[in-house]
Amino acid sequence: MEGLELIEPTELYNILNQSTEYPCVSDQNYLLLLDARSKCEFNESHVITSKKSPEDDEGNFIVPYNAELECKEHVIVYDGNTQSVEEPSRAVRSASIMFNNGSKNNVKILRGGYEEFSALYPFLRTQETIYMPQELEDFKTYPIEIIPGLLYLGNKRQGSAPYIFKDVKIKCAINCTMNEAEDVAPENPDVIDVPVTDCAEADISKYFEKACRVIDNYKNRDQVVLVYSDLGISRSVAIILAYLIHTYNYPLDAAYKHVQQCGMTVRPNRGFIQQLSKWEETKFGECVTDISDPRL
């Protein structure tokens, strides 16, 4: 249907957990998340930061007051369990109203709705309905999900937060900082240190094979791995890119594009990109990616 697109639960999870200096959800122009279920269902529990999609007296969906649809980067609608934009569901009907009344981008519909999202991410459901600006600025983001149910990318705070290890069920952390990992007991995950400075001259490639082997070991057990560094934008990203090249046969440029779609702030330094290019050449027998491309 024109103006509507279906997104996976992992995409909404990552949209909610983007951050720069502050969590992106604290920017009023970033996200409008609407719950198209009944008022009773919404009041019982809903996705964090979402608002009830309003209806008129006849039960027709209307645009929320002060929605400013033309300014929102993301407008996302969910209901109980919509699976397609072709369904005559509550989510589709609400999303169509949002698109037809000025959304600057396609309106996104959450596949599987609240049922699937809350089953995957129960820690992101709430009964809270009103958020003060300070609450949103203090919103504690979770690590970005790179491979659903397996691989996450985070920063130092997230790598030392016991509630994150508990909620996401992280069994192994690859610590790419120069400091020892902090104790996150009682979760007691395995910790693999990759002590590399974030500079172009640092040799991170010597850890690629070991890190890939570790992640694969946990993948084979259906267990979750977190890779983190101080800011979660360079060293940890390099390790994840190496893994995508090694295990999923991504060329470097495709791996980079995938990780960028998951996390908006990723930016490995140029030295790491050059080392990843050599890793790609080892994997494929040739350099597939032109690393002079300014998008890398």
# chains A, B, ... in the order shown; residues from 1 in each chain; ligands from 1
call {"tool": "closest_atom_pairs", "arguments": {"of": "segment 79-106 of chain A", "to": "segment 37-40 of chain A", "cutoff": "9 Å", "atoms": "only C-alpha atoms", "output": "tab-separated table"}}
result
residue	atom	partner	partner_atom	distance
A:Asp79	CA	A:Arg37	CA	4.9
A:Gly80	CA	A:Arg37	CA	6.4
A:Arg90	CA	A:Arg37	CA	7.0
A:Ala91	CA	A:Arg37	CA	7.8
call {"tool": "select_by_dssp", "arguments": {"residues": "segment 127-256 of chain A", "states": "strand (DSSP E)", "output": "list in words"}}
result
Ile144, Glu145, Ile146, Ile147, Leu151, Tyr152, Leu153, Gly154, Ile170, Lys171, Cys172, Ala173, Ile174, Asn175, Asp190, Val191, Ile192, Asp193, Val224, Val225, Leu226, Val227 and Tyr228 of chain A
call {"tool": "closest_residue", "arguments": {"among": "A:Glu2, A:Asp35, A:Glu8, A:Asp216", "to": "Arg125 of chain A", "atoms": "only C-alpha atoms"}}
result
A:Asp35
call {"tool": "atom_distance", "arguments": {"atom1": "atom CA of Val266 of chain A", "atom2": "atom CA of Arg295 of chain A"}}
result
11.6 Å
call {"tool": "closest_residue", "arguments": {"among": "A:Tyr13, A:Tyr30, A:Tyr243, A:Phe284", "to": "Leu136 of chain A", "atoms": "only C-alpha atoms"}}
result
A:Tyr30
call {"tool": "closest_residue", "arguments": {"among": "A:Glu128, A:Asp193, A:Asp253, A:Glu5", "to": "Leu226 of chain A", "atoms": "only C-alpha atoms"}}
result
A:Asp193
call {"tool": "closest_residue", "arguments": {"among": "A:Ser103, A:Ser50, A:Asn269, A:Ser84", "to": "Glu201 of chain A", "atoms": "only C-alpha atoms"}}
result
A:Asn269
call {"tool": "residues_around", "arguments": {"residues": "Leu252 of chain A", "least_positions_apart": "4", "cutoff": "7 Å", "atoms": "only C-alpha atoms", "output": "list in words"}}
result
Ile245, Tyr256, Ser277, Glu280 and Thr289 of chain A
call {"tool": "write_last_selection", "arguments": {"atoms": "C-alpha atoms", "output": "PDB file, in the first residue's frame"}}
result
ATOM      1  CA  ILE A 245      32.769 -10.824   6.583  1.00  0.00           C
ATOM      2  CA  TYR A 256      29.379  -1.671   6.770  1.00  0.00           C
ATOM      3  CA  SER A 277      40.040  -4.631   3.580  1.00  0.00           C
ATOM      4  CA  GLU A 280      38.171  -9.237   3.168  1.00  0.00           C
ATOM      5  CA  THR A 289      35.364  -3.284  -1.688  1.00  0.00           C
TER       6      THR A 289
END
call {"tool": "closest_residue", "arguments": {"among": "A:Phe99, A:Tyr163, A:Tyr121, A:Tyr152", "to": "Asn188 of chain A", "atoms": "only C-alpha atoms"}}
result
A:Tyr163
call {"tool": "atom_distance", "arguments": {"atom1": "atom CA of Tyr250 of chain A", "atom2": "atom CA of Lys283 of chain A"}}
result
9.8 Å
call {"tool": "select_by_dssp", "arguments": {"residues": "segment 100-227 of chain A", "states": "alpha helix (DSSP H)", "output": "PyMOL selection string"}}
result
chain A and resi 100+113-120+133-137+162-168+208-219
call {"tool": "write_last_selection", "arguments": {"atoms": "N, CA, C and O atoms", "output": "tab-separated table (two decimals), in the first residue's frame"}}
result
chain	number	residue	atom	x	y	z
A	100	ASN	N	-1.48	9.99	4.85
A	100	ASN	CA	-2.33	10.87	4.03
A	100	ASN	C	-2.47	12.27	4.61
A	100	ASN	O	-2.99	13.17	3.94
A	113	GLY	N	3.32	-6.79	15.42
A	113	GLY	CA	2.71	-5.91	16.40
A	113	GLY	C	3.25	-6.07	17.81
A	113	GLY	O	4.36	-6.54	18.03
A	114	TYR	N	2.42	-5.67	18.75
A	114	TYR	CA	2.83	-5.69	20.16
A	114	TYR	C	3.12	-7.11	20.64
A	114	TYR	O	4.03	-7.32	21.44
A	115	GLU	N	2.36	-8.07	20.15
A	115	GLU	CA	2.54	-9.45	20.62
A	115	GLU	C	3.96	-9.94	20.39
A	115	GLU	O	4.61	-10.47	21.29
A	116	GLU	N	4.46	-9.76	19.17
A	116	GLU	CA	5.80	-10.27	18.86
A	116	GLU	C	6.87	-9.40	19.49
A	116	GLU	O	7.85	-9.92	20.04
A	117	PHE	N	6.70	-8.08	19.42
A	117	PHE	CA	7.73	-7.20	19.97
A	117	PHE	C	7.89	-7.40	21.47
A	117	PHE	O	9.01	-7.50	21.98
A	118	SER	N	6.79	-7.48	22.19
A	118	SER	CA	6.88	-7.61	23.64
A	118	SER	C	7.40	-8.98	24.06
A	118	SER	O	8.01	-9.13	25.12
A	119	ALA	N	7.19	-9.99	23.20
A	119	ALA	CA	7.75	-11.31	23.50
A	119	ALA	C	9.27	-11.30	23.33
A	119	ALA	O	9.99	-11.95	24.11
A	120	LEU	N	9.76	-10.56	22.34
A	120	LEU	CA	11.20	-10.49	22.09
A	120	LEU	C	11.90	-9.53	23.05
A	120	LEU	O	13.04	-9.78	23.47
A	133	PRO	N	10.37	15.83	29.39
A	133	PRO	CA	11.61	15.94	28.62
A	133	PRO	C	12.84	15.39	29.36
A	133	PRO	O	13.68	14.73	28.75
A	134	GLN	N	12.92	15.63	30.66
A	134	GLN	CA	14.08	15.14	31.41
A	134	GLN	C	14.10	13.61	31.45
A	134	GLN	O	15.17	13.00	31.39
A	135	GLU	N	12.93	12.99	31.52
A	135	GLU	CA	12.86	11.53	31.51
A	135	GLU	C	13.42	10.97	30.21
A	135	GLU	O	14.14	9.96	30.21
A	136	LEU	N	13.08	11.60	29.09
A	136	LEU	CA	13.56	11.12	27.80
A	136	LEU	C	15.06	11.38	27.64
A	136	LEU	O	15.77	10.57	27.03
A	137	GLU	N	15.55	12.48	28.19
A	137	GLU	CA	16.99	12.73	28.13
A	137	GLU	C	17.77	11.72	28.98
A	137	GLU	O	18.92	11.42	28.69
A	162	PRO	N	24.59	-4.40	34.75
A	162	PRO	CA	24.02	-5.74	34.99
A	162	PRO	C	22.62	-5.92	34.42
A	162	PRO	O	22.29	-6.99	33.92
A	163	TYR	N	21.77	-4.87	34.47
A	163	TYR	CA	20.41	-5.03	33.98
A	163	TYR	C	20.38	-5.32	32.49
A	163	TYR	O	19.49	-6.03	31.99
A	164	ILE	N	21.34	-4.77	31.74
A	164	ILE	CA	21.39	-5.03	30.30
A	164	ILE	C	21.76	-6.49	30.04
A	164	ILE	O	21.16	-7.15	29.20
A	165	PHE	N	22.74	-7.00	30.76
A	165	PHE	CA	23.12	-8.40	30.60
A	165	PHE	C	21.95	-9.32	30.96
A	165	PHE	O	21.72	-10.34	30.30
A	166	LYS	N	21.21	-8.94	31.99
A	166	LYS	CA	20.07	-9.76	32.40
A	166	LYS	C	18.94	-9.69	31.38
A	166	LYS	O	18.39	-10.72	30.96
A	167	ASP	N	18.57	-8.47	30.95
A	167	ASP	CA	17.44	-8.30	30.04
A	167	ASP	C	17.71	-8.90	28.67
A	167	ASP	O	16.85	-9.55	28.08
A	168	VAL	N	18.90	-8.65	28.13
A	168	VAL	CA	19.23	-9.10	26.77
A	168	VAL	C	19.75	-10.55	26.78
A	168	VAL	O	19.90	-11.15	25.74
A	208	PHE	N	41.00	-10.46	15.04
A	208	PHE	CA	39.83	-10.82	14.22
A	208	PHE	C	39.50	-12.31	14.32
A	208	PHE	O	38.35	-12.68	14.55
A	209	GLU	N	40.50	-13.14	14.09
A	209	GLU	CA	40.24	-14.58	14.07
A	209	GLU	C	39.72	-15.08	15.40
A	209	GLU	O	38.75	-15.85	15.46
A	210	LYS	N	40.35	-14.63	16.48
A	210	LYS	CA	39.92	-15.06	17.81
A	210	LYS	C	38.48	-14.61	18.10
A	210	LYS	O	37.66	-15.41	18.58
A	211	ALA	N	38.18	-13.35	17.80
A	211	ALA	CA	36.84	-12.83	18.07
A	211	ALA	C	35.78	-13.58	17.26
A	211	ALA	O	34.71	-13.92	17.78
A	212	CYS	N	36.08	-13.87	15.99
A	212	CYS	CA	35.13	-14.60	15.15
A	212	CYS	C	34.89	-16.00	15.70
A	212	CYS	O	33.76	-16.49	15.70
A	213	ARG	N	35.95	-16.63	16.15
A	213	ARG	CA	35.82	-17.98	16.70
A	213	ARG	C	34.96	-17.96	17.97
A	213	ARG	O	34.09	-18.82	18.16
A	214	VAL	N	35.18	-16.96	18.81
A	214	VAL	CA	34.39	-16.84	20.04
A	214	VAL	C	32.91	-16.63	19.73
A	214	VAL	O	32.03	-17.31	20.28
A	215	ILE	N	32.62	-15.69	18.83
A	215	ILE	CA	31.22	-15.40	18.51
A	215	ILE	C	30.55	-16.62	17.89
A	215	ILE	O	29.41	-16.95	18.22
A	216	ASP	N	31.26	-17.30	17.01
A	216	ASP	CA	30.70	-18.51	16.41
A	216	ASP	C	30.39	-19.58	17.45
A	216	ASP	O	29.38	-20.29	17.35
A	217	ASN	N	31.27	-19.72	18.45
A	217	ASN	CA	31.02	-20.70	19.51
A	217	ASN	C	29.71	-20.42	20.23
A	217	ASN	O	28.94	-21.34	20.52
A	218	TYR	N	29.44	-19.14	20.51
A	218	TYR	CA	28.19	-18.79	21.19
A	218	TYR	C	27.00	-18.86	20.24
A	218	TYR	O	25.89	-19.22	20.65
A	219	LYS	N	27.23	-18.55	18.98
A	219	LYS	CA	26.17	-18.70	17.97
A	219	LYS	C	25.71	-20.16	17.90
A	219	LYS	O	24.51	-20.44	17.82
call {"tool": "closest_residue", "arguments": {"among": "A:Asn43, A:Ala95, A:Pro195, A:Arg157", "to": "Leu69 of chain A", "atoms": "only C-alpha atoms"}}
result
A:Ala95
call {"tool": "residues_around", "arguments": {"residues": "Ile147 of chain A", "least_positions_apart": "3", "cutoff": "12 Å", "atoms": "only C-alpha atoms", "output": "JSON, numbers by chain"}}
result
{"A": [10, 11, 14, 143, 144, 150, 151, 152, 153, 215, 219, 222, 223, 224, 225, 226, 227, 240, 241, 243, 244, 247, 248, 255, 258, 259, 261, 262]}
call {"tool": "write_last_selection", "arguments": {"atoms": "N, CA and C atoms", "output": "PDB file, in the first residue's frame"}}
result
ATOM      1  N   THR A  10      13.242  -6.005  15.208  1.00  0.00           N
ATOM      2  CA  THR A  10      14.613  -5.549  15.466  1.00  0.00           C
ATOM      3  C   THR A  10      14.822  -4.102  15.010  1.00  0.00           C
ATOM      4  N   GLU A  11      14.106  -3.691  13.956  1.00  0.00           N
ATOM      5  CA  GLU A  11      14.251  -2.311  13.471  1.00  0.00           C
ATOM      6  C   GLU A  11      13.676  -1.319  14.476  1.00  0.00           C
ATOM      7  N   ASN A  14      16.044  -1.067  17.427  1.00  0.00           N
ATOM      8  CA  ASN A  14      17.203  -0.221  17.164  1.00  0.00           C
ATOM      9  C   ASN A  14      16.839   1.257  17.067  1.00  0.00           C
ATOM     10  N   PRO A 143      22.082  -1.865  24.012  1.00  0.00           N
ATOM     11  CA  PRO A 143      22.989  -2.046  22.860  1.00  0.00           C
ATOM     12  C   PRO A 143      22.202  -2.248  21.566  1.00  0.00           C
ATOM     13  N   ILE A 144      22.813  -1.854  20.475  1.00  0.00           N
ATOM     14  CA  ILE A 144      22.201  -2.008  19.161  1.00  0.00           C
ATOM     15  C   ILE A 144      22.252  -3.480  18.747  1.00  0.00           C
ATOM     16  N   LEU A 150      21.602 -12.800  18.626  1.00  0.00           N
ATOM     17  CA  LEU A 150      22.997 -13.256  18.686  1.00  0.00           C
ATOM     18  C   LEU A 150      23.982 -12.156  19.014  1.00  0.00           C
ATOM     19  N   LEU A 151      23.991 -11.068  18.231  1.00  0.00           N
ATOM     20  CA  LEU A 151      25.114 -10.133  18.282  1.00  0.00           C
ATOM     21  C   LEU A 151      24.644  -8.705  18.499  1.00  0.00           C
ATOM     22  N   TYR A 152      25.218  -8.071  19.518  1.00  0.00           N
ATOM     23  CA  TYR A 152      24.871  -6.701  19.888  1.00  0.00           C
ATOM     24  C   TYR A 152      26.121  -5.826  19.931  1.00  0.00           C
ATOM     25  N   LEU A 153      25.924  -4.551  19.661  1.00  0.00           N
ATOM     26  CA  LEU A 153      26.993  -3.554  19.654  1.00  0.00           C
ATOM     27  C   LEU A 153      26.696  -2.501  20.706  1.00  0.00           C
ATOM     28  N   ILE A 215      32.625 -15.691  18.833  1.00  0.00           N
ATOM     29  CA  ILE A 215      31.219 -15.397  18.514  1.00  0.00           C
ATOM     30  C   ILE A 215      30.555 -16.623  17.891  1.00  0.00           C
ATOM     31  N   LYS A 219      27.230 -18.553  18.976  1.00  0.00           N
ATOM     32  CA  LYS A 219      26.173 -18.700  17.968  1.00  0.00           C
ATOM     33  C   LYS A 219      25.712 -20.156  17.904  1.00  0.00           C
ATOM     34  N   ASP A 222      23.282 -20.872  20.494  1.00  0.00           N
ATOM     35  CA  ASP A 222      22.131 -19.953  20.523  1.00  0.00           C
ATOM     36  C   ASP A 222      22.214 -19.008  21.710  1.00  0.00           C
ATOM     37  N   GLN A 223      23.416 -18.480  21.948  1.00  0.00           N
ATOM     38  CA  GLN A 223      23.626 -17.557  23.058  1.00  0.00           C
ATOM     39  C   GLN A 223      24.096 -16.199  22.544  1.00  0.00           C
ATOM     40  N   VAL A 224      23.838 -15.162  23.347  1.00  0.00           N
ATOM     41  CA  VAL A 224      24.010 -13.774  22.912  1.00  0.00           C
ATOM     42  C   VAL A 224      25.395 -13.245  23.275  1.00  0.00           C
ATOM     43  N   VAL A 225      25.973 -12.496  22.333  1.00  0.00           N
ATOM     44  CA  VAL A 225      27.288 -11.869  22.523  1.00  0.00           C
ATOM     45  C   VAL A 225      27.150 -10.359  22.380  1.00  0.00           C
ATOM     46  N   LEU A 226      27.777  -9.628  23.273  1.00  0.00           N
ATOM     47  CA  LEU A 226      27.875  -8.165  23.191  1.00  0.00           C
ATOM     48  C   LEU A 226      29.317  -7.790  22.885  1.00  0.00           C
ATOM     49  N   VAL A 227      29.523  -6.973  21.875  1.00  0.00           N
ATOM     50  CA  VAL A 227      30.836  -6.407  21.587  1.00  0.00           C
ATOM     51  C   VAL A 227      30.760  -4.927  21.910  1.00  0.00           C
ATOM     52  N   ILE A 240      32.927  -6.408  14.793  1.00  0.00           N
ATOM     53  CA  ILE A 240      31.663  -6.893  14.242  1.00  0.00           C
ATOM     54  C   ILE A 240      31.727  -6.985  12.717  1.00  0.00           C
ATOM     55  N   LEU A 241      32.346  -6.009  12.076  1.00  0.00           N
ATOM     56  CA  LEU A 241      32.497  -6.066  10.618  1.00  0.00           C
ATOM     57  C   LEU A 241      33.331  -7.279  10.217  1.00  0.00           C
ATOM     58  N   TYR A 243      33.525 -10.037  11.750  1.00  0.00           N
ATOM     59  CA  TYR A 243      32.689 -11.227  11.938  1.00  0.00           C
ATOM     60  C   TYR A 243      31.693 -11.394  10.789  1.00  0.00           C
ATOM     61  N   LEU A 244      31.054 -10.317  10.369  1.00  0.00           N
ATOM     62  CA  LEU A 244      30.094 -10.399   9.264  1.00  0.00           C
ATOM     63  C   LEU A 244      30.786 -10.850   7.973  1.00  0.00           C
ATOM     64  N   THR A 247      31.860 -14.888   8.797  1.00  0.00           N
ATOM     65  CA  THR A 247      30.826 -15.917   8.986  1.00  0.00           C
ATOM     66  C   THR A 247      29.652 -15.785   8.021  1.00  0.00           C
ATOM     67  N   TYR A 248      29.297 -14.558   7.662  1.00  0.00           N
ATOM     68  CA  TYR A 248      28.123 -14.347   6.813  1.00  0.00           C
ATOM     69  C   TYR A 248      28.480 -13.993   5.371  1.00  0.00           C
ATOM     70  N   ALA A 255      28.758  -5.235   4.666  1.00  0.00           N
ATOM     71  CA  ALA A 255      28.773  -5.359   6.125  1.00  0.00           C
ATOM     72  C   ALA A 255      28.658  -3.985   6.771  1.00  0.00           C
ATOM     73  N   HIS A 258      25.130  -2.629   6.490  1.00  0.00           N
ATOM     74  CA  HIS A 258      24.224  -3.287   7.430  1.00  0.00           C
ATOM     75  C   HIS A 258      24.384  -2.713   8.834  1.00  0.00           C
ATOM     76  N   VAL A 259      25.627  -2.570   9.281  1.00  0.00           N
ATOM     77  CA  VAL A 259      25.866  -2.067  10.642  1.00  0.00           C
ATOM     78  C   VAL A 259      25.414  -0.613  10.762  1.00  0.00           C
ATOM     79  N   GLN A 261      22.941   0.726   9.159  1.00  0.00           N
ATOM     80  CA  GLN A 261      21.484   0.713   9.234  1.00  0.00           C
ATOM     81  C   GLN A 261      21.012   0.371  10.643  1.00  0.00           C
ATOM     82  N   CYS A 262      21.823  -0.378  11.370  1.00  0.00           N
ATOM     83  CA  CYS A 262      21.472  -0.737  12.746  1.00  0.00           C
ATOM     84  C   CYS A 262      21.812   0.383  13.721  1.00  0.00           C
TER      85      CYS A 262
END
call {"tool": "residues_around", "arguments": {"residues": "Gln274 of chain A", "least_positions_apart": "2", "cutoff": "12 Å", "atoms": "only C-alpha atoms", "output": "PyMOL selection string"}}
result
chain A and resi 200-205+238+242+252+268-272+276-281+287+289-292+296
call {"tool": "write_last_selection", "arguments": {"atoms": "C-alpha atoms", "output": "short mmCIF file (atom, residue, chain, number, x, y, z; two decimals), in the first residue's frame"}}
result
data_model
loop_
_atom_site.label_atom_id
_atom_site.label_comp_id
_atom_site.auth_asym_id
_atom_site.auth_seq_id
_atom_site.Cartn_x
_atom_site.Cartn_y
_atom_site.Cartn_z
CA ALA A 200 44.77 4.40 12.91
CA GLU A 201 48.14 2.83 13.81
CA ALA A 202 46.69 0.24 16.22
CA ASP A 203 46.66 -3.38 15.06
CA ILE A 204 43.17 -4.71 15.65
CA SER A 205 43.38 -7.34 12.92
CA ALA A 238 35.62 -3.23 13.47
CA ALA A 242 35.22 -8.71 10.67
CA LEU A 252 33.17 -5.10 3.58
CA PRO A 268 35.60 2.92 12.47
CA ASN A 269 38.85 4.80 11.96
CA ARG A 270 40.62 4.59 8.60
CA GLY A 271 43.35 2.29 9.87
CA PHE A 272 40.74 -0.26 10.90
CA LEU A 276 39.31 -4.95 7.30
CA SER A 277 40.04 -4.63 3.58
CA LYS A 278 42.97 -7.03 3.98
CA TRP A 279 40.71 -9.35 6.01
CA GLU A 280 38.17 -9.24 3.17
CA GLU A 281 40.92 -10.08 0.67
CA CYS A 287 39.65 -6.96 -2.59
CA THR A 289 35.36 -3.28 -1.69
CA ASP A 290 36.85 0.01 -2.87
CA ILE A 291 37.77 1.57 0.46
CA SER A 292 38.38 4.96 -1.17
CA LEU A 296 33.30 4.00 4.25
#
call {"tool": "atom_distance", "arguments": {"atom1": "atom CA of Met1 of chain A", "atom2": "atom CA of Val47 of chain A"}}
result
24.7 Å
call {"tool": "residues_around", "arguments": {"residues": "Phe61 of chain A", "least_positions_apart": "3", "cutoff": "7 Å", "atoms": "only C-alpha atoms", "output": "PyMOL selection string"}}
result
chain A and resi 53-56+94+97
